[in-house]
$ cat run.txt   # compact mmCIF, C-alpha atoms
# COMPACT_ATOMS: atom_id res chain seq x y z
CA MET A 176 106.89 109.96 67.51
CA SER A 177 103.47 109.16 68.91
CA ASP A 178 100.43 111.39 68.63
CA LEU A 179 99.59 113.30 71.80
CA ILE A 180 95.81 113.50 72.15
CA LYS A 181 94.73 116.27 74.53
CA VAL A 182 91.78 115.65 76.83
CA GLY A 183 90.19 118.85 78.12
CA MET A 184 88.24 119.42 81.30
CA ALA A 185 84.83 117.68 81.18
CA ASP A 186 86.04 115.65 78.21
CA PHE A 187 87.18 112.17 77.28
CA LYS A 188 89.11 110.71 74.36
CA VAL A 189 89.96 107.20 73.22
CA GLY A 190 92.81 105.98 71.05
CA ARG A 191 95.21 103.19 70.25
CA ASN A 192 98.94 102.64 70.17
CA PRO A 193 101.14 104.59 69.32
CA ALA A 194 99.12 107.55 70.64
CA SER A 195 99.23 108.94 74.17
CA LEU A 196 96.36 110.67 75.95
CA ILE A 197 97.10 113.64 78.21
CA SER A 198 95.04 115.86 80.50
CA TYR A 199 96.39 118.94 82.24
CA GLY A 200 95.49 120.52 85.54
CA LEU A 201 93.47 118.01 87.52
CA GLY A 202 92.58 119.54 90.87
CA SER A 203 89.37 118.23 92.37
CA CYS A 204 88.67 116.62 88.98
CA VAL A 205 89.56 112.97 88.47
CA GLY A 206 91.43 111.54 85.50
CA ILE A 207 90.33 108.00 84.70
CA ALA A 208 92.53 105.90 82.42
CA LEU A 209 91.05 102.72 80.99
CA TYR A 210 93.32 100.33 79.10
CA ASP A 211 93.21 97.01 77.22
CA SER A 212 96.77 95.63 77.19
CA VAL A 213 96.12 93.19 74.32
CA THR A 214 94.71 95.62 71.74
CA LYS A 215 96.58 98.60 73.27
CA VAL A 216 93.36 100.61 73.15
CA GLY A 217 92.76 103.11 75.93
CA GLY A 218 90.68 106.02 77.06
CA LEU A 219 91.17 108.99 79.34
CA ALA A 220 88.34 110.94 80.97
CA HIS A 221 88.69 114.22 82.89
CA ILE A 222 85.54 114.36 85.00
CA MET A 223 84.53 117.43 86.97
CA LEU A 224 81.53 116.30 88.99
CA PRO A 225 80.28 113.05 90.48
CA ASP A 226 76.65 112.79 89.44
CA SER A 227 74.69 114.09 86.45
CA THR A 228 71.35 113.57 88.20
CA GLN A 229 72.14 116.29 90.74
CA ALA A 230 73.30 118.89 88.21
CA ARG A 231 71.21 121.77 86.92
CA SER A 232 72.55 121.20 83.43
CA SER A 233 73.78 117.85 82.21
CA GLU A 234 74.09 118.51 78.49
CA ASN A 235 77.79 117.49 78.56
CA PRO A 236 77.88 113.85 79.67
CA ALA A 237 81.71 113.86 79.76
CA LYS A 238 81.54 116.17 82.79
CA PHE A 239 80.17 113.51 85.15
CA ALA A 240 81.52 110.19 86.45
CA ASP A 241 78.19 108.40 86.04
CA THR A 242 77.79 109.30 82.36
CA ALA A 243 81.37 109.69 81.03
CA LEU A 244 82.65 106.24 81.98
CA PRO A 245 80.01 104.12 80.18
CA LEU A 246 80.35 106.31 77.07
CA MET A 247 84.15 106.04 77.06
CA LEU A 248 83.99 102.28 77.60
CA ASN A 249 81.66 101.91 74.59
CA GLU A 250 84.00 103.98 72.39
CA MET A 251 86.94 101.76 73.41
CA ILE A 252 84.96 98.62 72.54
CA LYS A 253 84.26 100.12 69.09
CA LEU A 254 88.06 100.38 68.64
CA GLY A 255 88.50 96.70 69.48
CA ALA A 256 88.99 96.65 73.25
CA ALA A 257 87.44 93.77 75.19
CA LYS A 258 85.66 94.78 78.39
CA ILE A 259 86.93 91.70 80.23
CA ARG A 260 90.55 92.87 79.75
CA ILE A 261 90.10 96.56 80.56
CA THR A 262 91.60 97.87 83.77
CA ALA A 263 91.48 101.33 85.32
CA LYS A 264 93.99 103.72 86.87
CA ILE A 265 92.76 106.92 88.50
CA ALA A 266 94.37 110.16 89.68
CA GLY A 267 93.21 113.52 91.02
CA GLY A 268 90.36 114.20 93.39
CA ALA A 269 92.36 116.70 95.43
CA GLN A 270 90.95 119.05 98.05
CA MET A 271 92.42 122.22 96.58
CA PHE A 272 91.03 124.67 99.14
CA THR A 273 90.41 124.53 102.87
CA PHE A 274 87.17 125.91 104.21
CA ALA A 275 86.24 126.60 107.80
CA ASN A 276 83.00 124.76 108.56
CA ALA A 277 83.28 122.78 105.32
CA THR A 278 80.13 120.96 104.29
CA ASP A 279 79.92 117.75 102.31
CA ILE A 280 79.16 119.72 99.14
CA MET A 281 82.59 121.40 99.35
CA ARG A 282 84.45 118.07 99.32
CA VAL A 283 84.26 117.89 95.52
CA GLY A 284 87.53 115.98 95.07
CA GLU A 285 86.59 113.29 97.56
CA ARG A 286 83.06 113.03 96.16
CA ASN A 287 84.44 112.74 92.61
CA THR A 288 86.82 109.96 93.66
CA GLU A 289 84.02 108.06 95.45
CA ALA A 290 81.74 108.41 92.40
CA VAL A 291 84.46 107.16 90.03
CA ARG A 292 85.17 104.14 92.23
CA SER A 293 81.46 103.37 92.49
CA MET A 294 80.85 103.69 88.74
CA LEU A 295 83.85 101.54 87.84
CA LYS A 296 82.58 98.86 90.22
CA LYS A 297 79.10 99.13 88.68
CA ILE A 298 80.45 98.61 85.14
CA ASP A 299 82.79 95.86 86.40
CA ILE A 300 86.14 97.53 85.67
CA ARG A 301 88.91 96.82 88.19
CA ILE A 302 91.07 99.68 89.51
CA ILE A 303 94.70 98.54 89.55
CA ALA A 304 96.37 101.80 90.60
CA ASP A 305 95.42 105.18 92.00
CA ASP A 306 96.94 108.46 93.09
CA THR A 307 94.05 110.41 94.59
CA GLY A 308 93.44 112.92 97.34
CA GLY A 309 95.93 115.37 98.78
CA ASN A 310 95.82 119.10 98.17
CA TYR A 311 97.81 119.44 94.95
CA GLY A 312 97.08 119.41 91.24
CA ARG A 313 98.18 116.80 88.75
CA THR A 314 98.74 116.35 85.03
CA VAL A 315 98.19 112.81 83.74
CA GLU A 316 99.29 110.97 80.62
CA LEU A 317 98.29 107.49 79.46
CA LYS A 318 100.81 105.85 77.12
CA LEU A 319 98.87 103.47 74.89
CA GLU A 320 102.03 101.61 73.90
CA ASN A 321 102.33 100.03 77.36
CA GLY A 322 99.50 101.30 79.61
CA ILE A 323 101.77 103.41 81.81
CA TYR A 324 99.82 106.20 83.50
CA ARG A 325 102.24 109.02 84.29
CA VAL A 326 101.20 111.45 87.03
CA LYS A 327 103.09 114.75 87.20
CA THR A 328 102.86 117.30 90.00
CA ILE A 329 104.66 120.55 90.69
CA ASP A 330 105.86 119.84 94.24
CA LYS A 331 105.60 116.05 94.49
CA GLY A 332 107.49 115.12 91.31
CA GLU A 333 106.42 112.48 88.83
CA LYS A 334 105.36 108.86 89.18
CA GLU A 335 104.26 106.04 86.94
CA LEU A 336 101.24 103.95 87.83
$ encode --input "run.txt" --output "structure tokens"
Amino acid sequence: MSDLIKVGMADFKVGRNPASLISYGLGSCVGIALYDSVTKVGGLAHIMLPDSTQARSSENPAKFADTALPLMLNEMIKLGAAKIRITAKIAGGAQMFTFANATDIMRVGERNTEAVRSMLKKIDIRIIADDTGGNYGRTVELKLENGIYRVKTIDKGEKEL
């Protein structure tokens, strides 16, 4: 039986096979799974906001796409992952509520997804699968044995990326 490592909101964790990383209740948040298939080292981040430079308080770097991803990547490299082999799978970024006269600031899910894509491009990590957008929550699990990223939803069922 593998260890199940829980990743909270505004958090990230790294591990290696045979562990699995799981994060519950992604709404507008984005779950980013990074994985090295050779060493079977992976990381899962549950980011809440796109950009630490626009926040009043940025004492938790795991909360933001621009700060969480480089930190998680470095932790994976310490466990033996090679950056050149790491790929990404992302899920979440939903628009959970509808607002009349919605402004850009209210599109948190979309902004989070854009920030994650931009940051992954900046750190040269390729996205190989995604399940983003919509108006429903997700729970995600990264199996470090094989890199499968399982996305579970209440109404839409379950899929493997």
$ closest_atom_pairs --input "run.txt" --of "segment 181-209 of chain A" --to "segment 248-259 of chain A" --cutoff "12 Å" --atoms "only C-alpha atoms" --output "CSV"
residue,atom,partner,partner_atom,distance
A:Phe187,CA,A:Glu250,CA,10.1
A:Lys188,CA,A:Glu250,CA,8.7
A:Val189,CA,A:Met251,CA,6.2
A:Gly190,CA,A:Met251,CA,7.6
A:Arg191,CA,A:Leu254,CA,7.8
A:Asn192,CA,A:Leu254,CA,11.2
A:Ile207,CA,A:Leu248,CA,11.1
A:Ala208,CA,A:Leu248,CA,10.5
A:Leu209,CA,A:Leu248,CA,7.8
$ residues_near_point --input "run.txt" --point "(97.7, 113.4, 81.6)" --cutoff "12 Å" --atoms "all atoms listed in the file" --output "MDAnalysis selection string"
chainID A and resid 179:184 187:188 195:201 205:208 218:221 264:267 312:318 323:328 333:336
$ atom_distance --input "run.txt" --atom1 "atom CA of Phe239 of chain A" --atom2 "atom CA of Asn310 of chain A"
21.1 Å
$ atom_distance --input "run.txt" --atom1 "atom CA of Phe272 of chain A" --atom2 "atom CA of Met247 of chain A"
29.7 Å
$ closest_residue --input "run.txt" --among "A:Glu320, A:Glu234, A:Asp330, A:Asp226" --to "Thr288 of chain A" --atoms "all atoms listed in the file"
A:Asp226
$ closest_residue --input "run.txt" --among "A:Gly284, A:Pro245, A:Gly322, A:Gly309" --to "Pro193 of chain A" --atoms "all atoms listed in the file"
A:Gly322
$ closest_residue --input "run.txt" --among "A:Pro236, A:Gly202, A:Gly217, A:Pro225" --to "Gly308 of chain A" --atoms "only C-alpha atoms"
A:Gly202
$ atom_distance --input "run.txt" --atom1 "atom CA of Ser293 of chain A" --atom2 "atom CA of Asp241 of chain A"
8.8 Å
$ closest_residue --input "run.txt" --among "A:Tyr210, A:Ala243, A:Gln229, A:Arg292" --to "Arg260 of chain A" --atoms "all atoms listed in the file"
A:Tyr210
$ residues_around --input "run.txt" --residues "Cys204 of chain A" --least-positions-apart "6" --cutoff "6 Å" --atoms "only C-alpha atoms" --output "compact mmCIF listing (two decimals) with C-alpha atoms, in the coordinates of the input"
# COMPACT_ATOMS: atom_id res chain seq x y z
CA ILE A 222 85.54 114.36 85.00
CA MET A 223 84.53 117.43 86.97
CA GLY A 267 93.21 113.52 91.02
CA GLY A 268 90.36 114.20 93.39
$ closest_residue --input "run.txt" --among "A:Val213, A:Ile329, A:Ala194, A:Ala269" --to "Arg286 of chain A" --atoms "all atoms listed in the file"
A:Ala269
$ closest_residue --input "run.txt" --among "A:Thr242, A:Thr307, A:Asn321, A:Gln270" --to "Met294 of chain A" --atoms "only C-alpha atoms"
A:Thr242
$ build_atoms --input "run.txt" --residues "segment 182-212 of chain A" --atoms "N, CA and C atoms" --output "JSON list (two decimals), in the coordinates of the input"
[["chain", "number", "residue", "atom", "x", "y", "z"],
["A", 182, "VAL", "N", 93.11, 115.84, 76.24],
["A", 182, "VAL", "CA", 91.78, 115.65, 76.83],
["A", 182, "VAL", "C", 91.52, 116.86, 77.71],
["A", 183, "GLY", "N", 90.52, 117.65, 77.35],
["A", 183, "GLY", "CA", 90.19, 118.85, 78.12],
["A", 183, "GLY", "C", 89.38, 118.52, 79.37],
["A", 184, "MET", "N", 89.09, 119.56, 80.12],
["A", 184, "MET", "CA", 88.24, 119.42, 81.30],
["A", 184, "MET", "C", 86.83, 119.06, 80.83],
["A", 185, "ALA", "N", 86.18, 118.14, 81.54],
["A", 185, "ALA", "CA", 84.83, 117.68, 81.18],
["A", 185, "ALA", "C", 84.83, 117.08, 79.78],
["A", 186, "ASP", "N", 85.82, 116.21, 79.54],
["A", 186, "ASP", "CA", 86.04, 115.65, 78.21],
["A", 186, "ASP", "C", 86.56, 114.22, 78.38],
["A", 187, "PHE", "N", 86.46, 113.44, 77.32],
["A", 187, "PHE", "CA", 87.18, 112.17, 77.28],
["A", 187, "PHE", "C", 87.57, 111.89, 75.84],
["A", 188, "LYS", "N", 88.64, 111.12, 75.68],
["A", 188, "LYS", "CA", 89.11, 110.71, 74.36],
["A", 188, "LYS", "C", 89.54, 109.26, 74.45],
["A", 189, "VAL", "N", 89.47, 108.57, 73.32],
["A", 189, "VAL", "CA", 89.96, 107.20, 73.22],
["A", 189, "VAL", "C", 90.96, 107.14, 72.07],
["A", 190, "GLY", "N", 91.83, 106.14, 72.11],
["A", 190, "GLY", "CA", 92.81, 105.98, 71.05],
["A", 190, "GLY", "C", 93.48, 104.62, 71.15],
["A", 191, "ARG", "N", 94.45, 104.44, 70.25],
["A", 191, "ARG", "CA", 95.21, 103.19, 70.25],
["A", 191, "ARG", "C", 96.67, 103.50, 70.03],
["A", 192, "ASN", "N", 97.51, 102.53, 70.37],
["A", 192, "ASN", "CA", 98.94, 102.64, 70.17],
["A", 192, "ASN", "C", 99.21, 103.07, 68.72],
["A", 193, "PRO", "N", 100.11, 104.03, 68.45],
["A", 193, "PRO", "CA", 101.14, 104.59, 69.32],
["A", 193, "PRO", "C", 100.78, 105.91, 70.00],
["A", 194, "ALA", "N", 99.52, 106.27, 70.05],
["A", 194, "ALA", "CA", 99.12, 107.55, 70.64],
["A", 194, "ALA", "C", 99.30, 107.54, 72.16],
["A", 195, "SER", "N", 99.31, 108.74, 72.73],
["A", 195, "SER", "CA", 99.23, 108.94, 74.17],
["A", 195, "SER", "C", 98.11, 109.93, 74.43],
["A", 196, "LEU", "N", 97.44, 109.78, 75.55],
["A", 196, "LEU", "CA", 96.36, 110.67, 75.95],
["A", 196, "LEU", "C", 96.84, 111.47, 77.15],
["A", 197, "ILE", "N", 96.61, 112.79, 77.12],
["A", 197, "ILE", "CA", 97.10, 113.64, 78.21],
["A", 197, "ILE", "C", 96.01, 114.62, 78.65],
["A", 198, "SER", "N", 95.96, 114.87, 79.95],
["A", 198, "SER", "CA", 95.04, 115.86, 80.50],
["A", 198, "SER", "C", 95.79, 116.70, 81.53],
["A", 199, "TYR", "N", 95.66, 118.00, 81.39],
["A", 199, "TYR", "CA", 96.39, 118.94, 82.24],
["A", 199, "TYR", "C", 95.51, 119.47, 83.36],
["A", 200, "GLY", "N", 96.13, 119.75, 84.49],
["A", 200, "GLY", "CA", 95.49, 120.52, 85.54],
["A", 200, "GLY", "C", 94.34, 119.88, 86.27],
["A", 201, "LEU", "N", 94.49, 118.62, 86.67],
["A", 201, "LEU", "CA", 93.47, 118.01, 87.52],
["A", 201, "LEU", "C", 93.64, 118.55, 88.93],
["A", 202, "GLY", "N", 92.60, 119.14, 89.46],
["A", 202, "GLY", "CA", 92.58, 119.54, 90.87],
["A", 202, "GLY", "C", 91.63, 118.61, 91.57],
["A", 203, "SER", "N", 90.39, 119.09, 91.80],
["A", 203, "SER", "CA", 89.37, 118.23, 92.37],
["A", 203, "SER", "C", 88.81, 117.27, 91.32],
["A", 204, "CYS", "N", 89.09, 117.53, 90.05],
["A", 204, "CYS", "CA", 88.67, 116.62, 88.98],
["A", 204, "CYS", "C", 89.44, 115.30, 89.09],
["A", 205, "VAL", "N", 88.89, 114.27, 88.48],
["A", 205, "VAL", "CA", 89.56, 112.97, 88.47],
["A", 205, "VAL", "C", 89.83, 112.56, 87.03],
["A", 206, "GLY", "N", 91.04, 112.09, 86.79],
["A", 206, "GLY", "CA", 91.43, 111.54, 85.50],
["A", 206, "GLY", "C", 91.34, 110.03, 85.58],
["A", 207, "ILE", "N", 90.52, 109.44, 84.71],
["A", 207, "ILE", "CA", 90.33, 108.00, 84.70],
["A", 207, "ILE", "C", 90.91, 107.44, 83.42],
["A", 208, "ALA", "N", 91.92, 106.57, 83.57],
["A", 208, "ALA", "CA", 92.53, 105.90, 82.42],
["A", 208, "ALA", "C", 92.03, 104.47, 82.37],
["A", 209, "LEU", "N", 91.46, 104.09, 81.23],
["A", 209, "LEU", "CA", 91.05, 102.72, 80.99],
["A", 209, "LEU", "C", 91.96, 102.15, 79.91],
["A", 210, "TYR", "N", 92.34, 100.87, 80.04],
["A", 210, "TYR", "CA", 93.32, 100.33, 79.10],
["A", 210, "TYR", "C", 93.12, 98.83, 78.89],
["A", 211, "ASP", "N", 93.20, 98.42, 77.62],
["A", 211, "ASP", "CA", 93.21, 97.01, 77.22],
["A", 211, "ASP", "C", 94.61, 96.70, 76.74],
["A", 212, "SER", "N", 95.35, 95.89, 77.48],
["A", 212, "SER", "CA", 96.77, 95.63, 77.19],
["A", 212, "SER", "C", 96.98, 94.76, 75.96]]
